[in-house]
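Enquirer: One file is attached below, protein_22.json, containing JSON, C-alpha atoms.
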```
[["chain", "number", "residue", "atom", "x", "y", "z"],
["Q", 1, "MET", "CA", 13.14, -46.07, -26.38],
["Q", 2, "GLN", "CA", 13.56, -42.95, -24.21],
["Q", 3, "GLN", "CA", 11.17, -41.00, -26.43],
["Q", 4, "TRP", "CA", 8.60, -43.85, -26.28],
["Q", 5, "SER", "CA", 8.83, -43.98, -22.49],
["Q", 6, "GLU", "CA", 8.37, -40.22, -22.07],
["Q", 7, "SER", "CA", 5.39, -40.10, -24.41],
["Q", 8, "ASN", "CA", 3.73, -42.93, -22.58],
["Q", 9, "GLU", "CA", 4.32, -41.27, -19.23],
["Q", 10, "GLN", "CA", 2.78, -38.05, -20.55],
["Q", 11, "TRP", "CA", -0.24, -39.94, -21.89],
["Q", 12, "LEU", "CA", -0.68, -41.79, -18.61],
["Q", 13, "SER", "CA", -0.40, -38.56, -16.63],
["Q", 14, "GLU", "CA", -3.06, -36.84, -18.75],
["Q", 15, "PHE", "CA", -5.32, -39.89, -18.75],
["Q", 16, "LEU", "CA", -5.22, -40.21, -14.97],
["Q", 17, "ASP", "CA", -5.16, -36.44, -14.41],
["Q", 18, "MET", "CA", -1.77, -36.61, -12.67],
["Q", 19, "PRO", "CA", 0.00, -33.30, -13.36],
["Q", 20, "HIS", "CA", 3.17, -34.49, -11.61],
["Q", 21, "GLY", "CA", 3.41, -37.76, -13.53],
["Q", 22, "ALA", "CA", 2.74, -41.39, -12.67],
["Q", 23, "PRO", "CA", 3.25, -42.40, -9.03],
["Q", 24, "SER", "CA", 6.71, -43.63, -8.11],
["Q", 25, "GLN", "CA", 7.51, -46.91, -6.39],
["Q", 26, "ASP", "CA", 7.63, -45.11, -3.06],
["Q", 27, "VAL", "CA", 4.04, -43.96, -3.48],
["Q", 28, "TYR", "CA", 2.82, -47.49, -4.17],
["Q", 29, "LEU", "CA", 4.76, -48.82, -1.18],
["Q", 30, "ALA", "CA", 3.27, -46.11, 1.04],
["Q", 31, "VAL", "CA", -0.24, -47.12, -0.07],
["Q", 32, "PHE", "CA", 0.43, -50.82, 0.49],
["Q", 33, "GLY", "CA", 1.95, -50.02, 3.87],
["Q", 34, "ALA", "CA", -1.11, -48.03, 4.96],
["Q", 35, "LEU", "CA", -3.79, -50.51, 3.89],
["Q", 36, "ASP", "CA", -5.29, -52.77, 6.53],
["Q", 37, "PRO", "CA", -4.31, -56.30, 5.39],
["Q", 38, "GLU", "CA", -7.47, -57.93, 6.75],
["Q", 39, "ALA", "CA", -9.74, -55.39, 5.05],
["Q", 40, "PHE", "CA", -7.77, -55.71, 1.81],
["Q", 41, "GLN", "CA", -8.05, -59.51, 1.93],
["Q", 42, "ALA", "CA", -11.79, -59.31, 2.65],
["Q", 43, "VAL", "CA", -12.38, -57.20, -0.48],
["Q", 44, "PHE", "CA", -10.16, -59.51, -2.54],
["Q", 45, "ARG", "CA", -11.96, -62.63, -1.29],
["Q", 46, "ALA", "CA", -15.35, -61.12, -2.14],
["Q", 47, "TRP", "CA", -14.20, -60.44, -5.70],
["Q", 48, "ALA", "CA", -12.65, -63.91, -6.05],
["Q", 49, "HIS", "CA", -15.80, -65.52, -4.63],
["Q", 50, "VAL", "CA", -17.97, -63.91, -7.33],
["Q", 51, "LEU", "CA", -15.52, -65.09, -9.99],
["Q", 52, "SER", "CA", -15.41, -68.65, -8.66],
["Q", 53, "LEU", "CA", -19.23, -68.82, -8.58],
["Q", 54, "ARG", "CA", -19.36, -67.82, -12.24],
["Q", 55, "LEU", "CA", -16.80, -70.47, -13.10],
["Q", 56, "GLN", "CA", -18.74, -73.13, -11.23],
["Q", 57, "ALA", "CA", -21.95, -72.07, -12.98],
["Q", 58, "SER", "CA", -20.20, -72.64, -16.31],
["Q", 59, "GLY", "CA", -19.07, -76.12, -15.23],
["Q", 60, "GLN", "CA", -15.58, -75.04, -14.18],
["Q", 61, "GLY", "CA", -14.06, -74.10, -10.85],
["Q", 62, "LYS", "CA", -14.11, -77.64, -9.51],
["Q", 63, "HIS", "CA", -10.56, -77.94, -8.20],
["Q", 64, "LEU", "CA", -8.76, -76.07, -5.43],
["Q", 65, "ALA", "CA", -5.10, -76.67, -4.60],
["Q", 66, "ILE", "CA", -3.98, -75.54, -1.14],
["Q", 67, "ASP", "CA", -0.30, -74.85, -0.55],
["Q", 68, "GLY", "CA", 1.98, -72.61, 1.50],
["Q", 69, "LYS", "CA", 4.87, -70.34, 0.54],
["Q", 70, "THR", "CA", 7.41, -68.28, 2.48],
["Q", 71, "SER", "CA", 8.47, -64.82, 1.28],
["Q", 72, "ARG", "CA", 12.06, -65.40, 2.30],
["Q", 73, "ARG", "CA", 13.32, -61.82, 2.56],
["Q", 74, "SER", "CA", 10.27, -60.32, 4.25],
["Q", 75, "PHE", "CA", 11.83, -60.78, 7.70],
["Q", 76, "ASP", "CA", 13.07, -57.79, 9.70],
["Q", 77, "THR", "CA", 15.91, -58.50, 12.11],
["Q", 78, "ALA", "CA", 15.67, -55.08, 13.72],
["Q", 79, "SER", "CA", 12.06, -55.51, 14.76],
["Q", 80, "GLY", "CA", 12.24, -59.28, 15.26],
["Q", 81, "ALA", "CA", 9.62, -59.91, 12.56],
["Q", 82, "LYS", "CA", 9.82, -63.35, 10.97],
["Q", 83, "ALA", "CA", 9.54, -64.02, 7.25],
["Q", 84, "LEU", "CA", 5.94, -63.94, 6.06],
["Q", 85, "HIS", "CA", 4.45, -67.37, 5.32],
["Q", 86, "THR", "CA", 1.13, -67.60, 3.51],
["Q", 87, "VAL", "CA", -1.23, -70.44, 2.66],
["Q", 88, "SER", "CA", -3.07, -69.95, -0.62],
["Q", 89, "ALA", "CA", -6.04, -71.54, -2.37],
["Q", 90, "TRP", "CA", -5.40, -71.89, -6.11],
["Q", 91, "LEU", "CA", -8.41, -72.30, -8.41],
["Q", 92, "SER", "CA", -6.72, -74.35, -11.13],
["Q", 93, "GLU", "CA", -9.25, -73.81, -13.94],
["Q", 94, "ALA", "CA", -8.97, -70.02, -13.61],
["Q", 95, "GLY", "CA", -5.28, -69.83, -12.71],
["Q", 96, "LEU", "CA", -6.24, -67.60, -9.79],
["Q", 97, "VAL", "CA", -5.69, -67.40, -6.02],
["Q", 98, "VAL", "CA", -9.17, -67.17, -4.47],
["Q", 99, "GLY", "CA", -8.14, -67.07, -0.83],
["Q", 100, "GLN", "CA", -5.09, -66.62, 1.36],
["Q", 101, "VAL", "CA", -4.19, -66.53, 5.04],
["Q", 102, "LYS", "CA", -0.86, -65.79, 6.65],
["Q", 103, "THR", "CA", 0.95, -67.66, 9.38],
["Q", 104, "GLU", "CA", 4.20, -66.95, 11.17],
["Q", 105, "GLU", "CA", 5.94, -70.12, 10.03],
["Q", 106, "LYS", "CA", 5.44, -73.25, 7.92],
["Q", 107, "SER", "CA", 4.82, -75.46, 10.95],
["Q", 108, "ASN", "CA", 1.56, -73.57, 11.58],
["Q", 109, "GLU", "CA", 0.06, -74.54, 8.21],
["Q", 110, "ILE", "CA", -2.04, -77.24, 9.87],
["Q", 111, "LYS", "CA", -3.82, -74.51, 11.85],
["Q", 112, "ALA", "CA", -4.00, -72.07, 8.94],
["Q", 113, "ILE", "CA", -5.48, -74.50, 6.38],
["Q", 114, "PRO", "CA", -8.86, -75.01, 8.16],
["Q", 115, "GLU", "CA", -9.09, -71.25, 8.69],
["Q", 116, "LEU", "CA", -8.61, -70.70, 4.95],
["Q", 117, "LEU", "CA", -11.05, -73.46, 3.99],
["Q", 118, "ARG", "CA", -13.80, -71.97, 6.13],
["Q", 119, "LEU", "CA", -13.49, -68.72, 4.17],
["Q", 120, "LEU", "CA", -14.18, -70.44, 0.84],
["Q", 121, "ASP", "CA", -17.23, -71.86, -0.92],
["Q", 122, "LEU", "CA", -16.22, -75.52, -1.27],
["Q", 123, "ARG", "CA", -19.50, -76.86, -2.63],
["Q", 124, "GLY", "CA", -18.89, -79.26, -5.50],
["Q", 125, "THR", "CA", -15.13, -78.70, -5.32],
["Q", 126, "THR", "CA", -12.27, -81.17, -4.98],
["Q", 127, "VAL", "CA", -9.60, -79.90, -2.58],
["Q", 128, "THR", "CA", -6.02, -81.17, -2.83],
["Q", 129, "ILE", "CA", -3.29, -80.45, -0.27],
["Q", 130, "ASP", "CA", 0.21, -81.81, 0.28],
["Q", 131, "ALA", "CA", 0.90, -84.53, 2.87],
["Q", 132, "MET", "CA", 1.01, -82.02, 5.74],
["Q", 133, "GLY", "CA", -2.69, -81.40, 5.18],
["Q", 134, "CYS", "CA", -3.60, -85.07, 5.53],
["Q", 135, "GLN", "CA", -5.36, -84.57, 8.88],
["Q", 136, "THR", "CA", -8.74, -85.84, 10.04],
["Q", 137, "SER", "CA", -9.76, -82.33, 11.14],
["Q", 138, "ILE", "CA", -8.94, -80.88, 7.72],
["Q", 139, "ALA", "CA", -10.85, -83.64, 5.94],
["Q", 140, "GLN", "CA", -13.81, -82.91, 8.23],
["Q", 141, "THR", "CA", -13.65, -79.18, 7.43],
["Q", 142, "ILE", "CA", -13.68, -79.87, 3.67],
["Q", 143, "VAL", "CA", -16.68, -82.23, 3.90],
["Q", 144, "ASP", "CA", -18.53, -79.83, 6.22],
["Q", 145, "GLY", "CA", -18.06, -77.14, 3.58],
["Q", 146, "GLY", "CA", -19.66, -79.31, 0.90],
["Q", 147, "GLY", "CA", -16.42, -80.25, -0.85],
["Q", 148, "ASN", "CA", -14.41, -83.40, -1.46],
["Q", 149, "TYR", "CA", -10.81, -84.11, -0.55],
["Q", 150, "LEU", "CA", -7.95, -85.91, -2.25],
["Q", 151, "LEU", "CA", -5.01, -86.12, 0.16],
["Q", 152, "PRO", "CA", -1.61, -87.83, -0.10],
["Q", 153, "VAL", "CA", -0.77, -90.23, 2.72],
["Q", 154, "LYS", "CA", 2.80, -90.38, 4.03],
["Q", 155, "ASP", "CA", 4.63, -91.06, 7.27],
["Q", 156, "ASN", "CA", 2.65, -88.48, 9.24],
["Q", 157, "GLN", "CA", -0.23, -91.01, 9.15],
["Q", 158, "PRO", "CA", 1.76, -94.25, 9.69],
["Q", 159, "THR", "CA", -1.14, -96.60, 10.46],
["Q", 160, "LEU", "CA", -3.22, -95.40, 7.53],
["Q", 161, "SER", "CA", -0.19, -95.57, 5.24],
["Q", 162, "ASP", "CA", 0.62, -99.14, 6.27],
["Q", 163, "GLU", "CA", -2.97, -100.29, 5.80],
["Q", 164, "ILE", "CA", -3.25, -98.75, 2.33],
["Q", 165, "GLN", "CA", 0.02, -100.37, 1.25],
["Q", 166, "PHE", "CA", -1.17, -103.73, 2.62],
["Q", 167, "CYS", "CA", -4.49, -103.35, 0.78],
["Q", 168, "PHE", "CA", -2.76, -102.86, -2.57],
["Q", 169, "SER", "CA", -0.27, -105.65, -1.91],
["Q", 170, "GLU", "CA", -3.24, -107.97, -1.36],
["Q", 171, "ALA", "CA", -4.79, -106.70, -4.59],
["Q", 172, "ASP", "CA", -1.54, -107.57, -6.41],
["Q", 173, "ASP", "CA", -1.54, -111.08, -4.95],
["Q", 174, "CYS", "CA", -3.35, -113.28, -7.48],
["Q", 175, "ARG", "CA", -3.20, -116.49, -5.45],
["Q", 176, "LEU", "CA", -6.33, -118.55, -4.96],
["Q", 177, "ARG", "CA", -7.94, -117.76, -1.62],
["Q", 178, "ALA", "CA", -9.65, -120.04, 0.83],
["Q", 179, "THR", "CA", -13.39, -119.69, 1.28],
["Q", 180, "ASP", "CA", -12.95, -118.22, 4.75],
["Q", 181, "GLU", "CA", -10.48, -115.57, 3.55],
["Q", 182, "GLN", "CA", -11.43, -112.01, 2.74],
["Q", 183, "PRO", "CA", -11.83, -111.57, -1.04],
["Q", 184, "ARG", "CA", -9.00, -109.88, -2.91],
["Q", 185, "PRO", "CA", -9.50, -106.09, -3.20],
["Q", 186, "GLN", "CA", -10.79, -104.99, -6.60],
["Q", 187, "LEU", "CA", -9.07, -102.10, -8.35],
["Q", 188, "GLU", "CA", -10.05, -99.54, -10.97],
["Q", 189, "ARG", "CA", -7.08, -98.57, -13.13],
["Q", 190, "PHE", "CA", -6.04, -95.72, -15.44],
["Q", 191, "GLN", "CA", -2.70, -95.34, -17.19],
["Q", 192, "GLU", "CA", -1.18, -92.48, -19.17],
["Q", 193, "VAL", "CA", 2.11, -92.01, -20.96],
["Q", 194, "ASP", "CA", 3.98, -88.71, -21.41],
["Q", 195, "LYS", "CA", 7.12, -88.10, -23.43],
["Q", 196, "GLY", "CA", 9.07, -84.87, -23.25],
["Q", 197, "HIS", "CA", 12.16, -83.11, -21.90],
["Q", 198, "GLY", "CA", 14.26, -86.16, -22.73],
["Q", 199, "ARG", "CA", 12.29, -88.63, -20.66],
["Q", 200, "LEU", "CA", 9.38, -91.04, -20.89],
["Q", 201, "GLU", "CA", 6.95, -91.19, -17.98],
["Q", 202, "VAL", "CA", 4.29, -93.82, -17.41],
["Q", 203, "ARG", "CA", 1.76, -93.00, -14.65],
["Q", 204, "THR", "CA", -0.58, -95.67, -13.37],
["Q", 205, "VAL", "CA", -3.41, -94.69, -11.03],
["Q", 206, "GLU", "CA", -5.41, -97.36, -9.23],
["Q", 207, "ILE", "CA", -8.27, -96.82, -6.80],
["Q", 208, "CYS", "CA", -9.83, -99.28, -4.36],
["Q", 209, "ARG", "CA", -13.26, -98.70, -2.81],
["Q", 210, "ASP", "CA", -13.15, -101.78, -0.57],
["Q", 211, "LEU", "CA", -12.57, -100.03, 2.77],
["Q", 212, "GLU", "CA", -12.84, -103.23, 4.82],
["Q", 213, "TRP", "CA", -9.08, -103.43, 4.41],
["Q", 214, "ILE", "CA", -8.69, -100.00, 6.06],
["Q", 215, "THR", "CA", -9.49, -100.46, 9.75],
["Q", 216, "THR", "CA", -9.03, -96.73, 10.46],
["Q", 217, "SER", "CA", -11.40, -95.62, 7.68],
["Q", 218, "ASN", "CA", -14.05, -94.51, 10.18],
["Q", 219, "ARG", "CA", -11.70, -91.75, 11.39],
["Q", 220, "TRP", "CA", -11.87, -90.05, 7.98],
["Q", 221, "THR", "CA", -15.19, -88.35, 7.33],
["Q", 222, "GLY", "CA", -16.62, -89.23, 3.93],
["Q", 223, "LEU", "CA", -13.77, -91.51, 2.92],
["Q", 224, "ASN", "CA", -14.78, -93.34, -0.28],
["Q", 225, "PHE", "CA", -11.60, -94.79, -1.74],
["Q", 226, "VAL", "CA", -7.86, -95.19, -1.40],
["Q", 227, "ALA", "CA", -5.52, -94.74, -4.35],
["Q", 228, "ARG", "CA", -2.07, -95.79, -5.49],
["Q", 229, "VAL", "CA", -0.06, -93.81, -8.03],
["Q", 230, "VAL", "CA", 3.01, -95.40, -9.63],
["Q", 231, "ARG", "CA", 5.26, -93.10, -11.67],
["Q", 232, "GLU", "CA", 7.88, -94.80, -13.83],
["Q", 233, "ARG", "CA", 10.35, -92.40, -15.44],
["Q", 234, "THR", "CA", 12.92, -93.38, -18.07],
["Q", 235, "VAL", "CA", 15.70, -90.99, -19.10],
["Q", 236, "LEU", "CA", 15.97, -91.58, -22.84],
["Q", 237, "THR", "CA", 19.64, -90.64, -23.17],
["Q", 238, "SER", "CA", 20.83, -93.06, -20.49],
["Q", 239, "ASP", "CA", 17.91, -95.53, -20.56],
["Q", 240, "LYS", "CA", 17.84, -95.38, -16.75],
["Q", 241, "THR", "CA", 14.45, -95.99, -15.13],
["Q", 242, "SER", "CA", 13.24, -94.90, -11.70],
["Q", 243, "THR", "CA", 9.95, -95.74, -10.01],
["Q", 244, "GLU", "CA", 8.04, -93.72, -7.41],
["Q", 245, "THR", "CA", 4.89, -94.84, -5.60],
["Q", 246, "ALA", "CA", 2.48, -92.56, -3.75],
["Q", 247, "TYR", "CA", -0.77, -93.22, -1.88],
["Q", 248, "TYR", "CA", -3.89, -91.09, -1.49],
["Q", 249, "ILE", "CA", -7.29, -91.04, 0.17],
["Q", 250, "GLY", "CA", -10.35, -89.50, -1.47],
["Q", 251, "SER", "CA", -13.97, -88.76, -0.64],
["Q", 252, "ASP", "CA", -15.70, -88.17, -3.98],
["Q", 253, "PRO", "CA", -17.82, -91.25, -4.84],
["Q", 254, "THR", "CA", -18.07, -90.13, -8.48],
["Q", 255, "ASP", "CA", -14.29, -89.98, -8.99],
["Q", 256, "THR", "CA", -12.81, -92.41, -11.48],
["Q", 257, "ALA", "CA", -9.14, -93.38, -11.62],
["Q", 258, "GLU", "CA", -8.77, -90.96, -14.54],
["Q", 259, "ALA", "CA", -10.37, -88.13, -12.55],
["Q", 260, "VAL", "CA", -7.99, -88.81, -9.65],
["Q", 261, "ALA", "CA", -5.02, -88.64, -12.05],
["Q", 262, "ASP", "CA", -6.28, -85.30, -13.37],
["Q", 263, "SER", "CA", -6.70, -83.79, -9.88],
["Q", 264, "ILE", "CA", -3.20, -84.89, -8.86],
["Q", 265, "ARG", "CA", -1.71, -83.26, -11.97],
["Q", 266, "ARG", "CA", -3.71, -80.09, -11.38],
["Q", 267, "HIS", "CA", -2.38, -79.79, -7.84],
["Q", 268, "TRP", "CA", 1.12, -79.10, -9.15],
["Q", 269, "GLN", "CA", -0.14, -75.97, -10.90],
["Q", 270, "VAL", "CA", 0.09, -74.14, -7.57],
["Q", 271, "GLU", "CA", 3.85, -74.73, -7.68],
["Q", 272, "ASN", "CA", 4.44, -74.29, -11.42],
["Q", 273, "GLN", "CA", 2.00, -71.48, -12.23],
["Q", 274, "LEU", "CA", 1.91, -69.58, -8.93],
["Q", 275, "HIS", "CA", 4.97, -70.03, -6.72],
["Q", 276, "TRP", "CA", 7.45, -70.40, -9.57],
["Q", 277, "VAL", "CA", 6.06, -67.30, -11.31],
["Q", 278, "LEU", "CA", 6.21, -65.27, -8.09],
["Q", 279, "ASP", "CA", 9.83, -66.28, -7.48],
["Q", 280, "VAL", "CA", 11.19, -66.12, -11.03],
["Q", 281, "ALA", "CA", 9.06, -63.51, -12.82],
["Q", 282, "PHE", "CA", 8.22, -61.23, -9.87],
["Q", 283, "ARG", "CA", 11.32, -62.10, -7.76],
["Q", 284, "GLU", "CA", 9.17, -62.18, -4.64],
["Q", 285, "ASP", "CA", 11.80, -63.95, -2.56],
["Q", 286, "GLU", "CA", 14.16, -61.00, -3.12],
["Q", 287, "ALA", "CA", 11.62, -58.34, -2.14],
["Q", 288, "ARG", "CA", 12.54, -56.35, 1.01],
["Q", 289, "HIS", "CA", 9.26, -54.49, 1.46],
["Q", 290, "ARG", "CA", 8.93, -54.60, 5.25],
["Q", 291, "ALA", "CA", 7.53, -51.21, 6.31],
["Q", 292, "LYS", "CA", 4.19, -51.36, 8.13],
["Q", 293, "ASN", "CA", 1.76, -53.60, 6.20],
["Q", 294, "ALA", "CA", 3.58, -53.51, 2.85],
["Q", 295, "ALA", "CA", 4.82, -57.11, 2.90],
["Q", 296, "ALA", "CA", 1.45, -58.62, 3.79],
["Q", 297, "ASN", "CA", -0.47, -56.52, 1.25],
["Q", 298, "ILE", "CA", 1.97, -57.05, -1.62],
["Q", 299, "VAL", "CA", 1.88, -60.81, -1.05],
["Q", 300, "GLY", "CA", -1.91, -60.63, -0.89],
["Q", 301, "ALA", "CA", -2.05, -58.68, -4.14],
["Q", 302, "SER", "CA", 0.15, -61.24, -5.87]]
```
In structure tokens, write the structure found in this file.
Expert:
Amino acid sequence: MQQWSESNEQWLSEFLDMPHGAPSQDVYLAVFGALDPEAFQAVFRAWAHVLSLRLQASGQGKHLAIDGKTSRRSFDTASGAKALHTVSAWLSEAGLVVGQVKTEEKSNEIKAIPELLRLLDLRGTTVTIDAMGCQTSIAQTIVDGGGNYLLPVKDNQPTLSDEIQFCFSEADDCRLRATDEQPRPQLERFQEVDKGHGRLEVRTVEICRDLEWITTSNRWTGLNFVARVVRERTVLTSDKTSTETAYYIGSDPTDTAEAVADSIRRHWQVENQLHWVLDVAFREDEARHRAKNAAANIVGAS
């Protein structure tokens, strides 16, 4: 193994015309520390933009997942620098980050997300974000950019959440209605079953386009439907079943219940294929590269 390593180093040195051998870690860190993060990100975004346009031209590149991540050991107590938190745009079809902005802490994601969205070409793209991104201003930014949104609704939008739940409860109520009552909401449904890792999961996605039940719908630019997702998981060894229900709003009039289910699944790629890989394979959370611009540029290069 030692002989293989030395021969490769010699080949690399000759190939790159490096008489003193391949650069050490310190050299790379010095380069990353010296680069201007904003200039580096601008070049990266330009390259990613060209790639995303090619994917869209080939019928791909239609889904962007937005999510934030903290590089936990990038803080510097001596200088008072906080841990670096970044918000990334993940192009799920390509498995690639096409844009990224940094913020000082997670609570500032609401401000960072519109900034990131305005840097991207959103035309013909569905954008998914976690519940923190369910904001009228963010929905407006996505629609202004020519994209569509699919956003989970939780307690940060209490009125909207209550109205969506009431809408679906009325849809579930099969009683005969009086002539002066509002007709029961009509649903489009898609169901899929997965079995693996010792459990059986049944996911049911239903969408309702009858927005008369949503009195606050006019606050959400382009709102076209509301959705309910019911996940029923059964652990096969114990036969124990748990049920989880989530609610969403979406703007794409061409979306079917099956398309909504696909976009929701794709959103989790940003966790499983980006953040998990950075933490486990690249051990990003353990990195202590803090000198100058090293932390920001290494995160940007990831």
Enquirer: Show which residues sit within 8 Å of Val87 of chain Q, as an NGL selection string. Count only C-alpha atoms, and ignore same-chain residues fewer than 2 positions away.
Expert: :Q and (66-69 or 85 or 89 or 100-103 or 109 or 112-113 or 116)
Enquirer: For atom CA of Phe168 of chain Q and atom CA of Asp194 of chain Q, determine how far apart the two atoms are, in Å to one decimal place.
Expert: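 Atom CA of Phe168 of chain Q sits 24.5 Å away from atom CA of Asp194 of chain Q.
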Enquirer: Determine the nearest neighbour of Arg233 of chain Q from the options Q:Asp252, Q:Ser24, Q:Asp262, Q:Gly198, counting all atoms listed in the file.
Expert: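 Of the candidates, the smallest distance to Arg233 of chain Q is held by Q:Gly198.
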Enquirer: Around segment 108-117 of chain Q, with edges along x, y and z and 8 Å added on all six sides, what centre and edge lengths do you get, in Å to one decimal, as lines of an AutoDock Vina configuration file?
Expert:
```
center_x = -4.7
center_y = -74.0
center_z = 7.9
size_x = 28.6
size_y = 22.5
size_z = 23.9
```
Enquirer: Write out as a list of chain:residue names each polymer residue whose atoms come within 6 Å of segment 138-154 of chain Q, counting all atoms listed in the file; drop sequence neighbours fewer than 5 positions from it.
Expert: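 Using all atoms listed in the file, the neighbours found are Q:Pro114, Q:Leu122, Q:Arg123, Q:Gly124, Q:Thr125, Q:Thr126, Q:Val127, Q:Thr128, Q:Ile129, Q:Ala131, Q:Ser161, Q:Thr221, Q:Tyr247, Q:Tyr248, Q:Ile249, Q:Gly250, Q:Ser251, Q:Asp252.
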Enquirer: Could you check the closest approach to Gln165 of chain Q for each of Q:Ser137, Q:Thr237, Q:Gln191, Q:Thr245 and tell me which residue wins, using all atoms listed in the file?
Expert: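 Looking at the shortest contact to Gln165 of chain Q, the residue is Q:Thr245.
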Enquirer: Would you kindly return, as a PyMOL selection string, each protein, DNA or RNA residue with an atom no farther than 9 Å from any atom of Val260 of chain Q, considering only C-alpha atoms and excluding same-chain residues fewer than 5 positions away?
Expert: chain Q and resi 150+205-207+227+250+255+265
Enquirer: Pick out the closest residue to Gly95 of chain Q from this set: Q:Gly222, Q:Val43, Q:Leu64, Q:Asp239. Count all atoms listed in the file.
Expert: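 Counting all atoms listed in the file, the residue closest to Gly95 of chain Q is Q:Leu64.
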Enquirer: Identify which of the residues Q:Glu93, Q:Glu201, Q:Asp36, Q:Glu192 lies closest to Lys240 of chain Q, counting all atoms listed in the file when measuring atom-to-atom distances.
Expert: Q:Glu201
Enquirer: Nearest residue to Gln135 of chain Q out of Q:Ala261, Q:Val229, Q:Ile110, Q:Ala178, using only C-alpha atoms?
Expert: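 Residue with the minimum atom-to-atom distance to Gln135 of chain Q: Q:Ile110.
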Enquirer: Identify, on the basis of only C-alpha atoms, every residue whose closest approach to Leu200 of chain Q does not exceed 8 Å; exclude the query and any residue fewer than 4 positions from it along the same chain; express the result as a list in words.
Expert: Val193, Asp194, Lys195, Gly196, Arg233, Thr234, Val235 and Leu236 of chain Q
Enquirer: Rounded to one decimal in Å, what is the spacing between atom CA of Ala171 of chain Q and atom CA of Asn156 of chain Q?
Expert: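 Separation of atom CA of Ala171 of chain Q and atom CA of Asn156 of chain Q: 24.1 Å.
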Enquirer: How many Å separate atom CA of Ser169 of chain Q from atom CA of Thr256 of chain Q?
Expert: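 Atom CA of Thr256 of chain Q lies at a distance of 20.6 Å from atom CA of Ser169 of chain Q.
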